[in-house]
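Participant: One structure follows; several queries about it will come next.
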Amino acid sequence: MRLLVLGGTSEARALADALTDEPGIEVVSSLAGRVRQPTLPVGQVRIGGFGGVDGLADWLRGNGIDAVVDATHPFAARITANAADATERVGVPMLVLRRPAWVAEPGDRWHPVPDLAAAACTAPTLGKRVLLTIGRQGVGAFAEAPGWYLIRAIDPPEGALPAAAELLLARGPFTVEDETALMRDRRIDVVVTKNSGGPLTSAKLVAARELGLPVVMVTRTPIPSGVPVVAAVPDASAWVRTRAAQQ
Ligand code: NAP
């Protein structure tokens, strides 16, 4: 069985790892190529876009792919929608592996917003000094927003940035102590993040709670209907093994 894992997440790497020595299963991991020095999964890796739904459908056919697991980031909605369309067209089963969203806890001061444009309107109403932890894509939504921004990302954002900003290049995971110290040191008033979920980047939420800071939380777009979804890597591995056994 040839399995395509759409990746760019720790879960995708863990899935490739879990299946690497599995007899009868060959895993090809795919990365978009956004990060300059990506953390690579074990095994075969291809990098770069497929060229939309048509390109992905052709690629699935041309590479003899028998099943697809979309383990991309919860905010990588385009590739998930493309994969749902392409797998349906080619007649290949698809599973989404998606970590659960973060849920507000007592003491949290979250302001849910549907997208980054709404976040850029909301954040300046909550404070002057904003910690922007939304990755490097989408920072342009804040280009015209008033206030001061600490932009933390793995690689530098491209395009227009807010007029008053500091760029902090850093790759998580971060500890609660790190996050608390950063927010105190830069005198942060408000945190902006996407509801990525997962433990690797959740320390900022604990730090914000403990410091009493508001968090502008961009909510997720829904997964295409009809596509099965699991939240944990062992469930995705089990799905793949079942499909492989049916080959
Ligand atoms: P996106 O908006 O859903 O995808 C845009 C385009 O990038 C897709 O149409 C596709 O190009 C290509 N692409 C995306 N993921 C791909 C993959 N795994 N393999 C090959 N091509 C891929 O995605 P995005 O938000 O730009 O994210 C890009 C990648 O970064 C994703 O793989 C995701 O897992 C990872 N990531 C994203 C975030 C985030 O906040 N968005 C955070 C951490 C990691 P074609 O149409 O040409 O096929």
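Chains: A, B, ... in order of the structure tokens. Residues: from 1 per chain. Ligands: from 1, in order shown.
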Need the shell around range 58-65 of chain A: protein/DNA/RNA residues with any atom at most 10 Å away, counting only C-alpha atoms. Skip same-chain ones fewer than 2 positions apart. Format as a list in words?
Facilitator: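 Near range 58-65 of chain A, the qualifying residues are Met1, Arg2, Leu3, Leu4, Glu26, Val27, Val28, Phe50, Gly51, Val53, Asp54, Gly55, Leu56, Ala67, Val68, Ala83, Ala86, Thr87, Val90, Gly91, Val92 and Pro93 of chain A.
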Participant: Dump N, CA, C and O atoms for the selected residues as an mmCIF file, in the first residue's frame?
Facilitator:
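To be explicit, this is the file written out as part_11.cif:
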```cif
data_model
loop_
_atom_site.group_PDB
_atom_site.id
_atom_site.type_symbol
_atom_site.label_atom_id
_atom_site.label_comp_id
_atom_site.auth_asym_id
_atom_site.auth_seq_id
_atom_site.Cartn_x
_atom_site.Cartn_y
_atom_site.Cartn_z
ATOM 1 N N MET A 1 0.835 -1.192 0.000
ATOM 2 C CA MET A 1 0.000 0.000 0.000
ATOM 3 C C MET A 1 0.873 1.247 0.000
ATOM 4 O O MET A 1 1.798 1.356 0.803
ATOM 5 N N ARG A 2 0.551 2.171 -0.885
ATOM 6 C CA ARG A 2 1.284 3.444 -0.887
ATOM 7 C C ARG A 2 0.399 4.522 -0.277
ATOM 8 O O ARG A 2 -0.717 4.782 -0.758
ATOM 9 N N LEU A 3 0.908 5.116 0.793
ATOM 10 C CA LEU A 3 0.147 6.102 1.558
ATOM 11 C C LEU A 3 0.774 7.477 1.397
ATOM 12 O O LEU A 3 1.985 7.636 1.561
ATOM 13 N N LEU A 4 -0.049 8.472 1.087
ATOM 14 C CA LEU A 4 0.424 9.854 1.080
ATOM 15 C C LEU A 4 0.005 10.509 2.391
ATOM 16 O O LEU A 4 -1.190 10.509 2.737
ATOM 17 N N GLU A 26 4.043 1.657 2.385
ATOM 18 C CA GLU A 26 5.085 2.594 1.964
ATOM 19 C C GLU A 26 4.523 4.000 2.153
ATOM 20 O O GLU A 26 3.460 4.305 1.594
ATOM 21 N N VAL A 27 5.220 4.813 2.931
ATOM 22 C CA VAL A 27 4.711 6.151 3.244
ATOM 23 C C VAL A 27 5.485 7.200 2.459
ATOM 24 O O VAL A 27 6.715 7.195 2.453
ATOM 25 N N VAL A 28 4.760 8.099 1.808
ATOM 26 C CA VAL A 28 5.371 9.282 1.198
ATOM 27 C C VAL A 28 4.802 10.486 1.945
ATOM 28 O O VAL A 28 3.581 10.668 1.980
ATOM 29 N N PHE A 50 1.092 20.815 -5.279
ATOM 30 C CA PHE A 50 0.765 19.856 -6.345
ATOM 31 C C PHE A 50 0.177 20.564 -7.569
ATOM 32 O O PHE A 50 0.088 19.965 -8.635
ATOM 33 N N GLY A 51 -0.293 21.803 -7.380
ATOM 34 C CA GLY A 51 -0.976 22.504 -8.464
ATOM 35 C C GLY A 51 -2.487 22.327 -8.367
ATOM 36 O O GLY A 51 -3.116 21.927 -9.357
ATOM 37 N N VAL A 53 -6.383 21.101 -7.177
ATOM 38 C CA VAL A 53 -7.077 19.803 -7.137
ATOM 39 C C VAL A 53 -6.639 18.940 -8.323
ATOM 40 O O VAL A 53 -6.350 17.745 -8.167
ATOM 41 N N ASP A 54 -6.554 19.554 -9.513
ATOM 42 C CA ASP A 54 -6.170 18.791 -10.707
ATOM 43 C C ASP A 54 -4.775 18.194 -10.543
ATOM 44 O O ASP A 54 -4.548 17.020 -10.838
ATOM 45 N N GLY A 55 -3.857 19.037 -10.077
ATOM 46 C CA GLY A 55 -2.476 18.573 -9.911
ATOM 47 C C GLY A 55 -2.380 17.450 -8.888
ATOM 48 O O GLY A 55 -1.656 16.469 -9.091
ATOM 49 N N LEU A 56 -3.122 17.592 -7.801
ATOM 50 C CA LEU A 56 -3.076 16.564 -6.753
ATOM 51 C C LEU A 56 -3.695 15.257 -7.256
ATOM 52 O O LEU A 56 -3.153 14.170 -7.029
ATOM 53 N N ALA A 67 -4.093 5.492 -0.458
ATOM 54 C CA ALA A 67 -4.836 6.164 0.620
ATOM 55 C C ALA A 67 -4.094 7.450 0.985
ATOM 56 O O ALA A 67 -2.882 7.561 0.773
ATOM 57 N N VAL A 68 -4.858 8.403 1.530
ATOM 58 C CA VAL A 68 -4.278 9.701 1.910
ATOM 59 C C VAL A 68 -4.671 10.008 3.350
ATOM 60 O O VAL A 68 -5.843 9.862 3.725
ATOM 61 N N ALA A 83 -7.529 18.116 -1.032
ATOM 62 C CA ALA A 83 -7.333 16.666 -0.877
ATOM 63 C C ALA A 83 -8.677 15.946 -0.857
ATOM 64 O O ALA A 83 -8.821 14.868 -1.433
ATOM 65 N N ALA A 86 -9.789 15.898 -4.522
ATOM 66 C CA ALA A 86 -8.939 15.062 -5.391
ATOM 67 C C ALA A 86 -9.112 13.580 -5.071
ATOM 68 O O ALA A 86 -9.179 12.748 -5.983
ATOM 69 N N THR A 87 -9.198 13.229 -3.787
ATOM 70 C CA THR A 87 -9.335 11.804 -3.430
ATOM 71 C C THR A 87 -10.700 11.281 -3.870
ATOM 72 O O THR A 87 -10.806 10.138 -4.314
ATOM 73 N N VAL A 90 -10.423 10.646 -7.594
ATOM 74 C CA VAL A 90 -9.582 9.505 -7.970
ATOM 75 C C VAL A 90 -10.126 8.198 -7.365
ATOM 76 O O VAL A 90 -9.748 7.102 -7.795
ATOM 77 N N GLY A 91 -10.999 8.332 -6.352
ATOM 78 C CA GLY A 91 -11.550 7.135 -5.713
ATOM 79 C C GLY A 91 -10.598 6.506 -4.713
ATOM 80 O O GLY A 91 -10.499 5.283 -4.598
ATOM 81 N N VAL A 92 -9.879 7.368 -3.980
ATOM 82 C CA VAL A 92 -8.913 6.907 -2.973
ATOM 83 C C VAL A 92 -9.435 7.321 -1.602
ATOM 84 O O VAL A 92 -9.918 8.448 -1.448
ATOM 85 N N PRO A 93 -9.380 6.432 -0.584
ATOM 86 C CA PRO A 93 -9.878 6.829 0.735
ATOM 87 C C PRO A 93 -8.994 7.894 1.389
ATOM 88 O O PRO A 93 -7.780 7.914 1.184
#
```
Participant: Name each residue within 10 Å of ligand 1, counting only C-alpha atoms and all ligand atoms, as a ChimeraX atom specification.
Facilitator: /A:4-12,29-35,38,45-57,59,70-83,133-138,154,193-196
Participant: Check range 127-247 of chain A with DSSP on the backbone and list each residue it calls alpha helix (DSSP H), as an MDAnalysis selection string.
Facilitator: chainID A and resid 176:185 203:211 233:245
Participant: Considering only C-alpha atoms, state which residue in the set A:Val96, A:Ala145, A:Ala117, A:Val190 is at the smallest distance from Val130 in chain A.
Facilitator: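 Result for the nearest residue to Val130 in chain A: A:Val190.
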Participant: Select from range 49-149 of chain A everything DSSP, run on the backbone, classes as strand (DSSP E), then give the selection as a ChimeraX atom specification.
Facilitator: /A:67-70,94-97,109-113,129-133,148-149
Participant: Export C-alpha atoms of the chosen residues as a PDB file, in the first residue's frame?
Facilitator:
```
ATOM      1  CA  ALA A  67      -4.836   6.164   0.620  1.00  0.00           C
ATOM      2  CA  VAL A  68      -4.278   9.701   1.910  1.00  0.00           C
ATOM      3  CA  VAL A  69      -3.992  10.982   5.468  1.00  0.00           C
ATOM      4  CA  ASP A  70      -4.303  14.739   5.699  1.00  0.00           C
ATOM      5  CA  MET A  94      -8.897   9.836   2.839  1.00  0.00           C
ATOM      6  CA  LEU A  95      -8.643  10.427   6.575  1.00  0.00           C
ATOM      7  CA  VAL A  96      -8.065  13.728   8.375  1.00  0.00           C
ATOM      8  CA  LEU A  97      -5.786  13.590  11.415  1.00  0.00           C
ATOM      9  CA  ARG A 109     -10.125  35.967  28.695  1.00  0.00           C
ATOM     10  CA  TRP A 110     -10.571  34.784  25.132  1.00  0.00           C
ATOM     11  CA  HIS A 111     -12.097  36.824  22.347  1.00  0.00           C
ATOM     12  CA  PRO A 112     -13.008  34.389  19.537  1.00  0.00           C
ATOM     13  CA  VAL A 113     -12.837  35.827  16.005  1.00  0.00           C
ATOM     14  CA  ARG A 129       1.195  46.088  22.831  1.00  0.00           C
ATOM     15  CA  VAL A 130       0.299  42.922  20.989  1.00  0.00           C
ATOM     16  CA  LEU A 131       2.047  39.546  20.841  1.00  0.00           C
ATOM     17  CA  LEU A 132       1.299  38.132  17.397  1.00  0.00           C
ATOM     18  CA  THR A 133       1.836  34.353  17.314  1.00  0.00           C
ATOM     19  CA  TRP A 148       2.869  47.933  18.687  1.00  0.00           C
ATOM     20  CA  TYR A 149       3.435  44.326  17.633  1.00  0.00           C
TER      21      TYR A 149
END
```
Participant: Tell me which of A:Ala170, A:Ala164, A:Ala208, A:Ala238 sits closest to Met183 in chain A, counting only C-alpha atoms.
Facilitator: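 The shortest atom-to-atom distance to Met183 in chain A comes from A:Ala208.
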Participant: Looking at A:Asp155, A:Pro124, A:Ala244, A:Ile223, which one is nearest to Gln37 in chain A, with distances taken over only C-alpha atoms?
Facilitator: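 Looking only at the distances to Gln37 in chain A, the closest residue turns out to be A:Asp155.
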Participant: Calculate how many Å separate CA of Phe174 in chain A from CA of Leu205 in chain A, rounding to one decimal.
Facilitator: 11.1 Å
Participant: Pick out the closest residue to Pro173 in chain A from this set: A:Gly127, A:Gly147, A:Gly43, A:Gly198. Count only C-alpha atoms.
Facilitator: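 Closest to Pro173 in chain A, using only C-alpha atoms: A:Gly198.
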Participant: With distances taken over only C-alpha atoms, which residue among A:Gly107, A:Gly24, A:Pro157, A:Pro114 lies nearest Pro222 in chain A?
Facilitator: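 Nearest candidate to Pro222 in chain A out of A:Gly107, A:Gly24, A:Pro157, A:Pro114: A:Pro114.
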Participant: Between A:Ala153, A:Ala84, A:Ala181, A:Ala101, which is the closest to Ser225 in chain A once you count only C-alpha atoms?
Facilitator: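 When distances to Ser225 in chain A are compared using only C-alpha atoms, the smallest one comes from A:Ala84.
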